[in-house]
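Source file: input_16.txt; contents: compact mmCIF, C-alpha atoms and all ligand atoms.
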# COMPACT_ATOMS: atom_id res chain seq x y z
CA MET A 1 55.25 20.45 -42.53
CA THR A 2 56.03 21.89 -39.10
CA LEU A 3 55.61 25.38 -40.48
CA SER A 4 52.18 24.74 -41.99
CA LEU A 5 50.99 23.11 -38.75
CA SER A 6 52.03 26.03 -36.59
CA LEU A 7 50.45 28.44 -39.08
CA THR A 8 47.12 26.57 -38.82
CA ASP A 9 47.35 26.89 -35.07
CA VAL A 10 47.87 30.61 -34.91
CA SER A 11 46.09 32.08 -37.94
CA PRO A 12 42.38 32.70 -37.38
CA LEU A 13 40.09 30.70 -39.63
CA GLN A 14 38.02 32.80 -42.00
CA PHE A 15 34.33 31.91 -41.90
CA ALA A 16 32.67 31.65 -45.31
CA VAL A 17 29.17 33.07 -44.87
CA THR A 18 26.26 31.84 -46.99
CA ARG A 19 22.97 33.57 -46.20
CA ASN A 20 19.82 31.52 -45.97
CA PRO A 21 17.84 32.37 -49.14
CA ASN A 22 14.59 31.51 -47.33
CA PRO A 23 14.84 32.81 -43.75
CA ARG A 24 11.74 32.93 -41.57
CA SER A 25 9.72 36.08 -42.16
CA ASP A 26 9.90 38.76 -39.45
CA ALA A 27 6.27 37.99 -38.56
CA ASP A 28 6.92 34.22 -38.21
CA ARG A 29 10.02 34.83 -36.12
CA GLU A 30 8.22 37.26 -33.82
CA GLU A 31 5.43 34.72 -33.37
CA ILE A 32 7.97 32.05 -32.37
CA LEU A 33 9.83 34.43 -30.05
CA ALA A 34 6.56 35.27 -28.27
CA ASN A 35 6.28 31.64 -27.14
CA PRO A 36 9.47 29.71 -27.96
CA GLY A 37 9.32 26.91 -25.38
CA PHE A 38 12.68 25.10 -25.24
CA GLY A 39 14.63 23.46 -28.05
CA GLN A 40 11.77 23.34 -30.55
CA TYR A 41 12.64 26.09 -33.03
CA PHE A 42 15.97 26.81 -34.62
CA THR A 43 17.41 29.97 -36.13
CA ASP A 44 18.03 30.49 -39.86
CA HIS A 45 21.73 29.61 -39.80
CA MET A 46 24.31 27.27 -38.26
CA VAL A 47 28.08 27.17 -37.95
CA GLN A 48 30.08 24.27 -39.25
CA ILE A 49 33.83 23.60 -38.98
CA HIS A 50 35.57 20.46 -40.12
CA TRP A 51 38.59 18.73 -38.64
CA SER A 52 40.74 16.04 -40.13
CA GLU A 53 43.84 14.36 -38.84
CA ARG A 54 45.86 15.70 -41.76
CA GLY A 55 44.29 19.14 -42.21
CA GLY A 56 43.45 20.17 -38.64
CA TRP A 57 40.58 22.66 -38.31
CA HIS A 58 39.40 23.91 -41.69
CA ARG A 59 36.36 24.84 -43.76
CA ALA A 60 34.76 27.20 -41.20
CA ALA A 61 31.37 28.28 -42.47
CA VAL A 62 28.12 29.98 -41.52
CA GLU A 63 25.41 28.34 -43.55
CA PRO A 64 21.64 28.05 -43.82
CA TYR A 65 20.29 25.84 -41.01
CA GLY A 66 19.52 22.47 -42.53
CA LYS A 67 19.98 18.76 -42.64
CA ILE A 68 23.44 17.21 -42.44
CA ALA A 69 24.45 14.67 -45.07
CA LEU A 70 26.15 11.93 -43.08
CA ASP A 71 27.48 8.56 -44.15
CA PRO A 72 25.47 5.82 -42.36
CA ALA A 73 28.81 4.39 -41.20
CA ALA A 74 29.78 7.66 -39.43
CA ALA A 75 31.34 6.55 -36.15
CA ALA A 76 29.26 8.84 -33.90
CA LEU A 77 26.13 6.92 -34.93
CA HIS A 78 27.64 3.62 -33.82
CA TYR A 79 30.05 4.30 -30.96
CA GLY A 80 28.80 7.58 -29.51
CA GLN A 81 32.00 9.59 -30.04
CA GLU A 82 30.26 12.92 -29.46
CA ILE A 83 30.40 15.91 -27.10
CA PHE A 84 28.38 19.09 -26.67
CA GLU A 85 28.05 22.35 -24.77
CA GLY A 86 25.16 24.58 -23.77
CA LEU A 87 25.22 28.31 -23.13
CA LYS A 88 22.90 31.26 -23.54
CA ALA A 89 22.85 34.59 -25.35
CA TYR A 90 21.08 37.25 -23.26
CA ARG A 91 19.57 40.46 -24.61
CA HIS A 92 20.26 43.43 -22.32
CA ALA A 93 17.96 46.44 -21.92
CA ASP A 94 20.00 48.52 -24.41
CA GLY A 95 19.56 45.81 -27.08
CA SER A 96 23.12 44.43 -26.88
CA VAL A 97 23.68 40.64 -26.77
CA TRP A 98 25.96 38.95 -24.24
CA THR A 99 26.96 35.50 -23.09
CA PHE A 100 28.19 34.21 -19.75
CA ARG A 101 31.72 32.86 -19.11
CA PRO A 102 32.14 31.27 -22.58
CA ASP A 103 35.82 30.61 -21.80
CA LYS A 104 34.65 28.14 -19.15
CA ASN A 105 32.50 26.30 -21.68
CA ALA A 106 35.34 26.35 -24.20
CA GLU A 107 37.74 24.83 -21.67
CA ARG A 108 35.21 22.21 -20.64
CA PHE A 109 34.62 21.40 -24.32
CA GLN A 110 38.37 20.80 -24.59
CA ARG A 111 38.34 18.52 -21.52
CA SER A 112 35.34 16.61 -22.91
CA ALA A 113 37.13 16.31 -26.26
CA ARG A 114 40.23 14.88 -24.59
CA ARG A 115 38.20 12.23 -22.76
CA LEU A 116 36.31 11.24 -25.93
CA ALA A 117 39.51 11.20 -28.03
CA LEU A 118 38.22 14.09 -30.15
CA PRO A 119 40.30 17.09 -31.30
CA GLU A 120 40.39 20.13 -29.00
CA LEU A 121 38.83 23.26 -30.46
CA PRO A 122 40.85 26.35 -29.42
CA THR A 123 39.01 28.74 -27.06
CA GLY A 124 39.27 31.64 -29.52
CA LEU A 125 37.65 29.62 -32.29
CA PHE A 126 34.90 28.38 -29.95
CA ILE A 127 33.98 31.94 -28.93
CA GLU A 128 34.32 33.23 -32.51
CA SER A 129 31.88 30.55 -33.70
CA LEU A 130 29.26 31.88 -31.25
CA LYS A 131 29.86 35.45 -32.40
CA GLN A 132 29.53 34.43 -36.04
CA LEU A 133 26.15 32.83 -35.43
CA VAL A 134 24.83 35.74 -33.36
CA ALA A 135 26.11 38.22 -35.97
CA ILE A 136 23.79 36.71 -38.58
CA ASP A 137 20.91 35.50 -36.36
CA GLY A 138 20.92 38.27 -33.74
CA ALA A 139 17.24 39.03 -34.39
CA TRP A 140 16.51 35.62 -32.84
CA VAL A 141 17.66 36.69 -29.36
CA PRO A 142 14.37 37.39 -27.56
CA ALA A 143 14.02 40.42 -25.30
CA ALA A 144 11.32 39.38 -22.80
CA ASP A 145 12.19 38.71 -19.16
CA GLU A 146 14.12 35.45 -18.51
CA THR A 147 14.19 34.52 -22.20
CA CYS A 148 17.35 33.86 -24.22
CA LEU A 149 18.82 32.32 -27.34
CA TYR A 150 20.20 28.93 -26.30
CA LEU A 151 23.47 28.10 -28.07
CA ARG A 152 24.37 24.47 -28.67
CA PRO A 153 27.94 23.77 -29.88
CA PHE A 154 28.61 20.07 -30.57
CA MET A 155 31.22 17.87 -32.17
CA PHE A 156 31.09 14.31 -33.44
CA ALA A 157 33.01 11.61 -35.27
CA ALA A 158 32.01 11.85 -38.93
CA GLU A 159 34.44 9.34 -40.40
CA ALA A 160 32.78 6.45 -42.23
CA PHE A 161 34.56 3.54 -40.60
CA LEU A 162 33.19 0.69 -38.51
CA GLY A 163 36.46 -0.28 -36.90
CA VAL A 164 36.72 0.92 -33.32
CA ARG A 165 39.23 3.76 -32.92
CA ALA A 166 39.20 7.55 -32.63
CA ALA A 167 37.84 9.07 -35.84
CA LYS A 168 40.17 10.91 -38.20
CA LYS A 169 37.34 13.10 -39.50
CA VAL A 170 35.25 15.21 -37.14
CA TYR A 171 32.54 17.84 -37.55
CA TYR A 172 31.89 20.77 -35.20
CA PHE A 173 28.57 22.61 -35.35
CA VAL A 174 26.78 25.38 -33.50
CA ILE A 175 23.01 25.63 -33.68
CA ALA A 176 20.80 28.06 -31.76
CA SER A 177 17.28 27.84 -30.39
CA PRO A 178 15.23 30.59 -28.74
CA ALA A 179 14.08 29.69 -25.21
CA GLY A 180 11.25 31.04 -23.09
CA ALA A 181 11.33 31.52 -19.33
CA TYR A 182 12.12 28.08 -17.91
CA PHE A 183 9.56 28.40 -15.13
CA LYS A 184 6.35 29.87 -16.51
CA GLY A 185 4.52 31.66 -13.72
CA GLY A 186 7.42 31.68 -11.28
CA VAL A 187 10.03 29.27 -9.98
CA LYS A 188 8.47 26.05 -8.74
CA PRO A 189 10.33 23.65 -6.42
CA VAL A 190 10.63 20.13 -7.80
CA LYS A 191 10.56 16.60 -6.45
CA ILE A 192 13.51 14.40 -7.31
CA TRP A 193 13.83 10.62 -7.36
CA LEU A 194 16.92 8.91 -5.93
CA SER A 195 18.04 6.23 -8.37
CA THR A 196 19.47 3.31 -6.41
CA GLU A 197 19.61 0.78 -9.25
CA TYR A 198 21.16 2.86 -12.00
CA GLY A 199 24.27 5.04 -12.13
CA ARG A 200 25.03 7.66 -14.75
CA ALA A 201 28.84 7.37 -14.71
CA GLY A 202 31.25 4.69 -13.59
CA PHE A 203 34.69 4.90 -12.03
CA GLY A 204 37.12 6.23 -14.66
CA GLY A 205 34.26 6.65 -17.12
CA THR A 206 32.91 9.69 -18.93
CA GLY A 207 30.93 11.31 -16.10
CA ALA A 208 33.03 14.49 -16.16
CA ALA A 209 32.61 14.92 -19.93
CA LYS A 210 29.59 16.51 -21.54
CA THR A 211 28.80 13.64 -23.85
CA GLY A 212 25.56 12.22 -25.18
CA GLY A 213 26.23 8.76 -23.75
CA ASN A 214 25.82 10.04 -20.18
CA TYR A 215 22.41 11.37 -21.13
CA ALA A 216 21.48 8.13 -22.88
CA ALA A 217 22.30 6.30 -19.62
CA SER A 218 20.05 8.68 -17.64
CA LEU A 219 16.89 8.29 -19.73
CA LEU A 220 15.61 5.02 -18.24
CA PRO A 221 16.10 6.14 -14.61
CA GLN A 222 14.49 9.45 -15.63
CA GLN A 223 11.42 7.50 -16.79
CA GLU A 224 11.42 5.75 -13.42
CA ALA A 225 11.46 9.18 -11.74
CA TYR A 226 8.40 10.28 -13.76
CA ALA A 227 6.60 7.07 -12.84
CA GLU A 228 7.29 7.89 -9.17
CA GLY A 229 5.76 11.34 -9.58
CA CYS A 230 9.12 13.13 -9.63
CA ASP A 231 10.56 15.66 -12.07
CA GLN A 232 14.25 14.69 -12.05
CA VAL A 233 16.53 11.88 -10.99
CA LEU A 234 19.47 12.08 -8.57
CA PHE A 235 22.38 9.67 -8.96
CA LEU A 236 24.74 8.32 -6.32
CA ASP A 237 28.38 7.43 -6.90
CA SER A 238 28.73 4.10 -8.63
CA VAL A 239 31.58 2.74 -6.51
CA GLU A 240 29.88 2.75 -3.10
CA ASN A 241 26.33 3.76 -4.11
CA THR A 242 26.45 6.12 -1.12
CA TYR A 243 27.57 9.63 -2.06
CA LEU A 244 25.54 12.23 -3.95
CA GLU A 245 26.71 12.86 -7.51
CA GLU A 246 24.29 14.97 -9.53
CA LEU A 247 21.02 15.00 -11.44
CA GLY A 248 20.76 13.85 -15.06
CA GLY A 249 21.78 17.28 -16.32
CA MET A 250 22.21 19.51 -13.25
CA ASN A 251 24.53 19.76 -10.25
CA ILE A 252 23.23 19.70 -6.67
CA VAL A 253 23.90 21.98 -3.68
CA LEU A 254 22.63 21.66 -0.09
CA VAL A 255 22.36 24.57 2.37
CA THR A 256 22.69 24.30 6.15
CA LYS A 257 20.82 26.49 8.61
CA ASP A 258 23.97 28.53 9.30
CA GLY A 259 24.25 29.27 5.57
CA THR A 260 27.02 26.81 4.61
CA LEU A 261 26.71 25.48 1.06
CA ILE A 262 27.73 21.84 0.52
CA THR A 263 28.23 20.32 -2.91
CA PRO A 264 29.65 16.98 -4.08
CA ASP A 265 33.28 16.74 -5.10
CA SER A 266 33.66 13.75 -7.41
CA PRO A 267 35.72 12.84 -10.47
CA SER A 268 32.59 11.54 -12.21
CA ILE A 269 30.33 14.61 -12.13
CA LEU A 270 30.08 17.31 -14.78
CA GLU A 271 31.49 20.52 -13.30
CA GLY A 272 28.80 23.11 -14.03
CA VAL A 273 29.59 26.73 -14.81
CA THR A 274 26.33 27.68 -13.07
CA ARG A 275 27.29 25.91 -9.84
CA ASP A 276 30.79 27.37 -9.88
CA SER A 277 29.36 30.88 -10.33
CA LEU A 278 26.67 30.53 -7.63
CA LEU A 279 29.25 29.26 -5.14
CA GLU A 280 31.54 32.16 -5.99
CA LEU A 281 28.69 34.60 -5.35
CA ALA A 282 27.95 32.90 -2.03
CA GLU A 283 31.62 33.03 -1.00
CA ALA A 284 31.74 36.73 -1.89
CA ARG A 285 28.82 37.23 0.53
CA GLY A 286 30.83 35.50 3.27
CA HIS A 287 29.18 32.07 3.13
CA THR A 288 31.29 28.98 3.70
CA VAL A 289 31.38 26.54 0.77
CA GLU A 290 32.25 22.87 1.27
CA ARG A 291 33.18 20.84 -1.81
CA ARG A 292 33.34 17.27 -0.51
CA GLN A 293 31.67 13.87 -0.43
CA ILE A 294 28.12 13.95 0.98
CA SER A 295 26.41 10.66 1.75
CA ILE A 296 22.68 10.29 1.29
CA ASP A 297 22.55 9.38 5.02
CA GLU A 298 24.16 12.69 5.96
CA TRP A 299 21.53 14.60 3.97
CA ARG A 300 18.70 12.51 5.45
CA ASP A 301 19.90 12.79 9.06
CA ARG A 302 20.82 16.47 8.94
CA ALA A 303 17.57 17.37 7.16
CA ALA A 304 15.61 15.44 9.82
CA SER A 305 17.41 17.31 12.61
CA GLY A 306 16.73 20.67 10.94
CA ASP A 307 20.37 21.28 10.13
CA ILE A 308 20.13 21.07 6.32
CA VAL A 309 17.37 23.45 5.33
CA GLU A 310 17.56 24.01 1.56
CA ALA A 311 18.57 22.07 -1.54
CA PHE A 312 18.76 23.14 -5.14
CA ALA A 313 19.81 21.87 -8.55
CA CYS A 314 21.63 24.14 -10.98
CA GLY A 315 22.58 24.28 -14.64
CA THR A 316 22.47 26.69 -17.56
CA ALA A 317 18.97 25.80 -18.79
CA ALA A 318 16.97 26.32 -15.58
CA VAL A 319 19.70 28.29 -13.73
CA VAL A 320 18.55 27.25 -10.24
CA THR A 321 15.78 24.77 -9.46
CA PRO A 322 14.79 24.53 -5.79
CA ILE A 323 14.33 20.95 -4.55
CA ALA A 324 11.26 20.50 -2.35
CA GLN A 325 11.58 16.78 -1.74
CA LEU A 326 13.76 13.78 -2.49
CA LYS A 327 11.97 10.45 -2.76
CA SER A 328 13.49 7.00 -2.68
CA ARG A 329 12.43 3.45 -1.96
CA GLY A 330 11.48 3.38 1.70
CA PHE A 331 12.22 7.00 2.68
CA SER A 332 11.96 10.62 1.65
CA ILE A 333 13.68 13.88 2.57
CA GLY A 334 11.79 17.18 2.78
CA ASP A 335 8.20 18.01 2.02
CA PRO A 336 6.59 17.96 -1.47
CA ASP A 337 5.00 21.37 -0.79
CA ALA A 338 8.10 23.02 0.65
CA PRO A 339 8.62 26.56 -0.65
CA ALA A 340 11.83 27.57 -2.41
CA GLY A 341 14.67 28.33 0.03
CA ALA A 342 15.50 31.97 0.70
CA LEU A 343 19.24 31.67 -0.01
CA THR A 344 18.48 29.53 -3.10
CA MET A 345 16.25 32.26 -4.53
CA SER A 346 18.50 35.13 -3.61
CA LEU A 347 21.53 33.52 -5.31
CA ARG A 348 19.37 32.78 -8.33
CA LYS A 349 18.35 36.42 -8.53
CA GLU A 350 21.90 37.73 -8.17
CA LEU A 351 23.18 35.43 -10.93
CA THR A 352 20.36 36.21 -13.39
CA ASP A 353 20.69 39.94 -12.63
CA ILE A 354 24.33 39.72 -13.75
CA GLN A 355 23.49 37.63 -16.82
CA TYR A 356 20.75 40.02 -17.97
CA GLY A 357 22.84 43.11 -17.26
CA ARG A 358 20.56 44.37 -14.49
CA VAL A 359 23.49 44.80 -12.09
CA GLU A 360 27.16 45.50 -12.59
CA ASP A 361 29.24 42.58 -13.88
CA ARG A 362 31.73 42.85 -11.02
CA PHE A 363 33.39 39.48 -11.74
CA GLY A 364 33.93 40.20 -15.45
CA TRP A 365 31.84 37.20 -16.44
CA LEU A 366 30.09 38.62 -19.50
CA THR A 367 31.32 38.55 -23.11
CA ARG A 368 29.61 40.65 -25.75
CA LEU A 369 28.54 38.59 -28.76
CA ASP A 370 27.11 41.19 -31.16
CA ALA A 371 30.10 43.51 -31.47
C1 LIG B 401 25.65 20.67 -18.58
C2 LIG B 401 25.51 19.84 -17.35
C3 LIG B 401 25.45 20.41 -16.06
C4 LIG B 401 25.38 21.89 -15.81
O1 LIG B 401 26.45 22.60 -16.31
P1 LIG B 401 26.32 24.17 -16.57
O2 LIG B 401 27.65 24.55 -17.06
O3 LIG B 401 25.98 24.80 -15.28
O4 LIG B 401 25.22 24.34 -17.57
C5 LIG B 401 25.41 19.55 -14.97
N1 LIG B 401 25.41 18.21 -15.13
C6 LIG B 401 25.45 17.64 -16.36
C7 LIG B 401 25.44 16.16 -16.45
C8 LIG B 401 25.50 18.43 -17.49
O5 LIG B 401 25.53 17.85 -18.69
Encoded form using structure tokens:
Amino acid sequence: MTLSLSLTDVSPLQFAVTRNPNPRSDADREEILANPGFGQYFTDHMVQIHWSERGGWHRAAVEPYGKIALDPAAAALHYGQEIFEGLKAYRHADGSVWTFRPDKNAERFQRSARRLALPELPTGLFIESLKQLVAIDGAWVPAADETCLYLRPFMFAAEAFLGVRAAKKVYYFVIASPAGAYFKGGVKPVKIWLSTEYGRAGFGGTGAAKTGGNYAASLLPQQEAYAEGCDQVLFLDSVENTYLEELGGMNIVLVTKDGTLITPDSPSILEGVTRDSLLELAEARGHTVERRQISIDEWRDRAASGDIVEAFACGTAAVVTPIAQLKSRGFSIGDPDAPAGALTMSLRKELTDIQYGRVEDRFGWLTRLDA
């Protein structure tokens, strides 16, 4: 028993590969890649690995992309026991395909799994699952500027059981979707709405896990943001309703006029790989980075006095989104027509230059996926 368990842990799983008998034609794929949008089209294959309490990780497979047969009693559908990740495959000028800091996503996937009482997928298997999908669907990685193949690993409770406890049967999948440039026609600063009635994550809750429930909680306030003419919603901490947390799916950073970057430190925000990388780039340039509580009053007062001069949101999908204005009931910060901040844009350029292989990868952040 002990022996078989330790063998499962150390021996790499073999992926059984079944080719899609009806892949998209080259012409159809090229047409999609010319204008992919975001999250609308999916590649010809997907990865699937099963986990059970007794068998551990098993049945690793690359299969034709298609519908999942799921028992209607599967626990994820009822109790939201689900987690996901998001990362990108970038095509470099020489045709090779790379991804960015996948070990960070793998480790975060393990932390999310722990919080949601799901099994932890080993880092090696996580990265191998991405390589397996890119090996078969590599032609789906677009080559145009600022485009990518978005990779979406996810895991959910598949056990058919309506009692409330951690599932003993879990499915892991990876699907992939080509993505166009996030900002068509150049980066455009956004307006964000400060949600004062709704939080996204409570004390001791799941805010630091990448789980669907956090997104479900953000949808209604997001609709409120749209109704107020804003693009995104910013949440405050749910204990004191005072300190900045993050947007629905992006972290936030403020910049002072002397070039200090300030970002919230909180147990209930999702620690972004993009934010971590941007702050590391800024520190390497000699900027001071403060990871601490920031009250909405501090932002308002220091913006009014000209001391806080830039703000941006960041995450894998849009990389860096400059914030022109924050709106709330009774006050606003910034100007709806404010241009993107200079430091904001220069950090964005440095990060995307690394990701697309246009400058040297001096931090060793890239992992090749197609070799
Ligand atoms: C994924 C995510 C982010 C950004 O994380 P990255 O690793 O930079 O993509 C920020 N906030 C939330 C809530 C997220 O789900």
Need the axis-aligned box for ligand LIG 401 (chain B) with 5 Å each side, so what are the centre and edges in Å to one decimal, as lines of an AutoDock Vina configuration file?
center_x = 26.4
center_y = 20.5
center_z = -16.8
size_x = 12.4
size_y = 18.6
size_z = 13.7
Point-to-point distance in Å for atom CA of A:Tyr171 and atom CA of A:Ala371: 26.5 Å
Surrounding residues as a ChimeraX atom specification, ligand LIG 401 (chain B), max 9 Å, all atoms listed in the file: /A:84-87,104-105,108,200,207-212,214-215,246-252,269-277,313-319
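Proximity to A:Ile308 was assessed for A:Leu369, A:Ala144, A:Val255, A:Ala201 counting only C-alpha atoms; the smallest distance is recorded for A:Val255.
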Mind checking which residues fall within 12 Å of A:Val164, counting only C-alpha atoms, ignoring those fewer than 5 positions away in the same chain, and posting them as a PyMOL selection string? chain A and resi 73-76+78-81+117+157+159
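Considering the residues A:Tyr172, A:Phe363, A:Tyr41, A:Tyr65 and counting only C-alpha atoms, A:Ile136 has its shortest atom-to-atom contact with A:Tyr65.
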Have a look at A:Ile175, A:Ile83, A:Leu236, A:Ala135 and name the one nearest to A:Phe156; count all atoms listed in the file.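 Among A:Ile175, A:Ile83, A:Leu236, A:Ala135, it is A:Ile83 that comes nearest to A:Phe156.
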Would you write out, as JSON lines, a table of all residues in stretch 147-229 of chain A that have an atom no more than 12 Å from an atom of stretch 31-40 of chain A, listing for each the closest atom pair and the distance in Å to one decimal, considering only C-alpha atoms and ordering rows by chain and rising residue number?
{"residue": "A:Thr147", "atom": "CA", "partner": "A:Pro36", "partner_atom": "CA", "distance": 8.9}
{"residue": "A:Cys148", "atom": "CA", "partner": "A:Leu33", "partner_atom": "CA", "distance": 9.5}
{"residue": "A:Leu149", "atom": "CA", "partner": "A:Leu33", "partner_atom": "CA", "distance": 9.6}
{"residue": "A:Tyr150", "atom": "CA", "partner": "A:Gly39", "partner_atom": "CA", "distance": 8.0}
{"residue": "A:Leu151", "atom": "CA", "partner": "A:Gly39", "partner_atom": "CA", "distance": 10.0}
{"residue": "A:Arg152", "atom": "CA", "partner": "A:Gly39", "partner_atom": "CA", "distance": 9.8}
{"residue": "A:Ile175", "atom": "CA", "partner": "A:Gly39", "partner_atom": "CA", "distance": 10.3}
{"residue": "A:Ala176", "atom": "CA", "partner": "A:Gly39", "partner_atom": "CA", "distance": 8.5}
{"residue": "A:Ser177", "atom": "CA", "partner": "A:Gly39", "partner_atom": "CA", "distance": 5.6}
{"residue": "A:Pro178", "atom": "CA", "partner": "A:Pro36", "partner_atom": "CA", "distance": 5.9}
{"residue": "A:Ala179", "atom": "CA", "partner": "A:Phe38", "partner_atom": "CA", "distance": 4.8}
{"residue": "A:Gly180", "atom": "CA", "partner": "A:Gly37", "partner_atom": "CA", "distance": 5.1}
{"residue": "A:Ala181", "atom": "CA", "partner": "A:Gly37", "partner_atom": "CA", "distance": 7.9}
{"residue": "A:Tyr182", "atom": "CA", "partner": "A:Phe38", "partner_atom": "CA", "distance": 7.9}
{"residue": "A:Phe183", "atom": "CA", "partner": "A:Gly37", "partner_atom": "CA", "distance": 10.4}
{"residue": "A:Lys184", "atom": "CA", "partner": "A:Gly37", "partner_atom": "CA", "distance": 9.8}
Residue with smallest distance to A:Arg302 - pool A:Thr263, A:Lys257, A:Thr321, A:Ala340, counting all atoms listed in the file: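 Comparing A:Thr263, A:Lys257, A:Thr321, A:Ala340 against A:Arg302, the winner is A:Lys257.
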Between A:Pro102, A:Pro153, A:Pro122, A:Gly186, which residue has the minimum interatomic distance to A:Glu82, considering all atoms listed in the file? A:Pro153
